[in-house]
$ cat run31.cif   # mmCIF, C-alpha atoms
data_data
#
loop_
_atom_site.label_atom_id
_atom_site.label_comp_id
_atom_site.auth_asym_id
_atom_site.auth_seq_id
_atom_site.Cartn_x
_atom_site.Cartn_y
_atom_site.Cartn_z
CA MET A 1 -3.46 2.26 -8.26
CA PHE A 2 0.29 2.62 -7.88
CA TYR A 3 0.98 0.29 -10.82
CA GLU A 4 -0.97 2.52 -13.24
CA LYS A 5 0.90 5.58 -11.92
CA CYS A 6 4.16 3.79 -12.60
CA LEU A 7 3.06 3.02 -16.15
CA LYS A 8 2.35 6.71 -16.78
CA THR A 9 5.52 8.05 -15.15
CA GLY A 10 7.95 5.23 -16.03
CA GLN A 11 8.70 4.78 -12.33
CA SER A 12 9.33 1.20 -11.22
CA ALA A 13 6.56 -0.21 -9.04
CA ILE A 14 9.08 -1.91 -6.77
CA THR A 15 12.68 -0.89 -6.07
CA LEU A 16 15.74 -3.14 -5.98
CA VAL A 17 15.73 -2.87 -2.18
CA ASP A 18 12.11 -4.09 -2.12
CA GLN A 19 12.95 -6.98 -4.43
CA VAL A 20 15.78 -8.17 -2.19
CA LYS A 21 13.32 -8.27 0.72
CA ASN A 22 10.60 -10.01 -1.33
CA TRP A 23 12.36 -12.77 -3.19
CA PRO A 24 15.32 -15.07 -2.48
CA ILE A 25 18.36 -14.61 -4.71
CA PRO A 26 18.35 -16.97 -7.70
CA ALA A 27 20.95 -19.73 -7.42
CA ALA A 28 22.29 -22.20 -9.97
CA ARG A 29 20.69 -25.00 -7.92
CA ASP A 30 17.25 -23.62 -8.85
CA SER A 31 17.70 -25.33 -12.23
CA LYS A 32 17.09 -28.64 -10.44
CA GLY A 33 13.56 -27.59 -9.47
CA SER A 34 11.85 -27.33 -6.12
CA ASN A 35 12.02 -29.79 -3.25
CA SER A 36 9.15 -32.14 -2.43
CA ALA A 37 6.26 -30.94 -0.26
CA LYS A 38 7.33 -33.47 2.38
CA HIS A 39 10.84 -32.02 2.50
CA LEU A 40 9.53 -28.44 2.60
CA SER A 41 7.23 -29.31 5.50
CA THR A 42 10.38 -29.80 7.62
CA GLY A 43 11.28 -26.14 7.08
CA HIS A 44 14.49 -26.96 5.20
CA HIS A 45 15.41 -24.98 2.08
CA ILE A 46 12.21 -22.94 2.27
CA ASN A 47 14.11 -19.76 1.32
CA GLN A 48 15.34 -21.08 -2.03
CA LEU A 49 13.73 -19.28 -4.97
CA ALA A 50 12.35 -22.42 -6.66
CA ASN A 51 10.72 -23.45 -3.38
CA LYS A 52 9.25 -19.98 -2.60
CA VAL A 53 7.66 -19.82 -6.04
CA LYS A 54 6.42 -23.41 -5.90
CA LEU A 55 4.62 -22.84 -2.59
CA ASN A 56 1.94 -20.83 -4.38
CA LYS A 57 1.67 -22.99 -7.51
CA THR A 58 0.82 -26.64 -7.99
CA GLU A 59 2.14 -27.46 -11.44
CA GLY A 60 5.27 -26.57 -13.35
CA GLN A 61 8.81 -25.45 -12.63
CA LEU A 62 10.50 -22.10 -12.14
CA ASN A 63 10.18 -20.06 -15.35
CA ALA A 64 13.52 -18.75 -16.68
CA ASP A 65 11.75 -15.77 -18.32
CA TRP A 66 10.34 -14.73 -14.95
CA VAL A 67 13.76 -15.11 -13.26
CA GLU A 68 15.26 -12.84 -15.94
CA LEU A 69 12.71 -10.19 -14.97
CA LEU A 70 13.55 -10.74 -11.30
CA MET A 71 17.25 -10.26 -12.10
CA GLY A 72 16.59 -6.97 -13.91
CA LEU A 73 17.24 -8.44 -17.36
CA PRO A 74 15.08 -8.25 -20.48
CA ILE A 75 12.89 -11.31 -21.07
CA GLY A 76 14.70 -13.65 -23.47
CA TRP A 77 18.18 -12.51 -22.43
CA THR A 78 19.45 -16.06 -21.73
CA ASP A 79 17.46 -17.81 -24.47
CA ILE A 80 19.94 -18.85 -27.17
CA ASN A 81 17.10 -19.46 -29.62
CA VAL A 82 15.57 -15.98 -29.43
CA ALA A 83 16.29 -13.42 -32.13
CA LYS A 84 17.85 -10.17 -30.90
CA GLU A 85 14.84 -8.15 -32.04
CA ASP A 86 12.51 -10.47 -30.09
CA ILE A 87 14.15 -9.76 -26.73
CA GLU A 88 11.64 -7.75 -24.75
CA SER A 89 12.79 -4.64 -22.93
CA TRP A 90 12.84 -4.85 -19.15
CA GLN A 91 9.42 -3.87 -17.82
CA GLY A 92 10.11 -3.60 -14.10
CA TRP A 93 10.35 -5.77 -11.02
CA PRO A 94 7.92 -8.65 -10.46
CA ALA A 95 5.14 -8.37 -7.90
CA ALA A 96 5.87 -9.41 -4.34
CA ILE A 97 5.23 -12.87 -2.93
CA ASN A 98 1.52 -13.58 -2.35
CA VAL A 99 0.54 -10.63 -4.54
CA GLU A 100 -1.15 -10.99 -7.93
CA GLN A 101 1.39 -10.74 -10.71
CA TYR A 102 1.63 -7.59 -12.83
CA ALA A 103 0.30 -7.77 -16.40
CA TYR A 104 3.82 -7.56 -17.86
CA GLU A 105 5.15 -10.54 -15.88
CA PRO A 106 5.51 -13.97 -17.44
CA PRO A 107 4.13 -16.77 -15.24
CA ARG A 108 6.38 -17.72 -12.31
CA VAL A 109 6.15 -21.40 -13.16
CA ILE A 110 5.96 -23.11 -16.53
CA VAL A 111 5.77 -26.60 -18.01
CA GLY A 112 8.12 -27.70 -20.79
CA GLN A 113 10.29 -24.61 -21.26
CA LYS A 114 13.15 -25.29 -23.70
CA ASN A 115 16.64 -24.95 -22.15
CA ARG A 116 15.05 -23.99 -18.81
CA ALA A 117 17.70 -25.66 -16.63
CA LYS A 118 20.61 -24.21 -18.62
CA ARG A 119 19.10 -20.74 -18.54
CA LEU A 120 18.50 -20.94 -14.77
CA LYS A 121 22.10 -22.09 -14.22
CA ALA A 122 23.27 -19.05 -16.18
CA LEU A 123 21.04 -16.76 -14.10
CA GLY A 124 21.84 -18.40 -10.79
CA ASN A 125 24.39 -16.68 -8.55
CA GLY A 126 24.52 -13.79 -11.00
CA CYS A 127 24.59 -10.05 -10.39
CA VAL A 128 21.59 -7.84 -10.95
CA PRO A 129 22.61 -5.16 -13.51
CA GLN A 130 21.26 -2.46 -11.19
CA GLN A 131 23.81 -3.57 -8.55
CA VAL A 132 26.69 -3.34 -11.00
CA TYR A 133 25.51 0.09 -12.15
CA LEU A 134 25.74 1.46 -8.61
CA VAL A 135 29.29 0.16 -8.21
CA LEU A 136 30.42 1.55 -11.56
CA ALA A 137 28.73 4.91 -10.90
CA ALA A 138 30.60 5.18 -7.58
CA ILE A 139 33.91 4.41 -9.34
CA VAL A 140 33.21 7.09 -11.96
CA GLU A 141 32.40 9.60 -9.22
CA VAL A 142 35.67 8.87 -7.40
CA GLU A 143 37.66 9.05 -10.63
CA ASN A 144 36.05 12.37 -11.60
CA GLU A 145 36.99 13.87 -8.22
CA ALA A 146 40.65 12.89 -8.65
#
$ encode --input "run31.cif" --output "structure tokens"
Amino acid sequence: MFYEKCLKTGQSAITLVDQVKNWPIPAARDSKGSNSAKHLSTGHHINQLANKVKLNKTEGQLNADWVELLMGLPIGWTDINVAKEDIESWQGWPAAINVEQYAYEPPRVIVGQKNRAKRLKALGNGCVPQQVYLVLAAIVEVENEA
């Protein structure tokens, strides 16, 4: 399986380009939770992250730990109560929609997560570190040519 190959080689199972196609971009409004099933049946707001995740789950709200993984951040990055040594290193992108989650992924939805809304607001509308890296690498390349 491709996932096992990635574990052996350190290669990410899904690229940033794949992730952008698979999942909506997190937004600060995701901290409010998903819309009702009745509202979603109208087709409105179906492409919001909280709603996409909720379509496959019946209980809970968007998990901030999972969104950190989606954003390319280590799990625990936005948790003010986590000790620095307890922040897990980034394992790779989450599995695609309608695909079983990888073993390293936290659940997409959770019940009773402390500071969940605040963490999601911090993550919402943010930049994925891999995006910033590409911009900074291009600047370095231009500066080195000058």
$ closest_atom_pairs --input "run31.cif" --of "segment 94-117 of chain A" --to "segment 40-56 of chain A" --cutoff "9 Å" --atoms "all atoms listed in the file" --output "CSV"
residue,atom,partner,partner_atom,distance
A:Ile97,CA,A:Val53,CA,8.0
A:Asn98,CA,A:Asn56,CA,7.5
A:Arg108,CA,A:Val53,CA,6.7
A:Val109,CA,A:Val53,CA,7.4
$ atom_distance --input "run31.cif" --atom1 "atom CA of Glu85 of chain A" --atom2 "atom CA of Leu62 of chain A"
24.7 Å
$ closest_residue --input "run31.cif" --among "A:Gln61, A:Gln131, A:Gln91, A:Asn125" --to "Gly33 of chain A" --atoms "all atoms listed in the file"
A:Gln61
$ resolve_selection --input "run31.cif" --expression "the PyMOL selection byres ((chain A and resi 71) around 9)" --output "PyMOL selection string"
chain A and resi 25-26+66-70+72-74+93+123+126-130
$ atom_distance --input "run31.cif" --atom1 "atom CA of Asn22 of chain A" --atom2 "atom CA of Asp79 of chain A"
25.4 Å
$ residues_around --input "run31.cif" --residues "segment 114-118 of chain A" --least-positions-apart "2" --cutoff "8 Å" --atoms "all atoms listed in the file" --output "list of chain:residue names"
A:Ser31, A:Lys32, A:Asn63, A:Ala64, A:Asp79, A:Gly112, A:Leu120, A:Lys121, A:Ala122
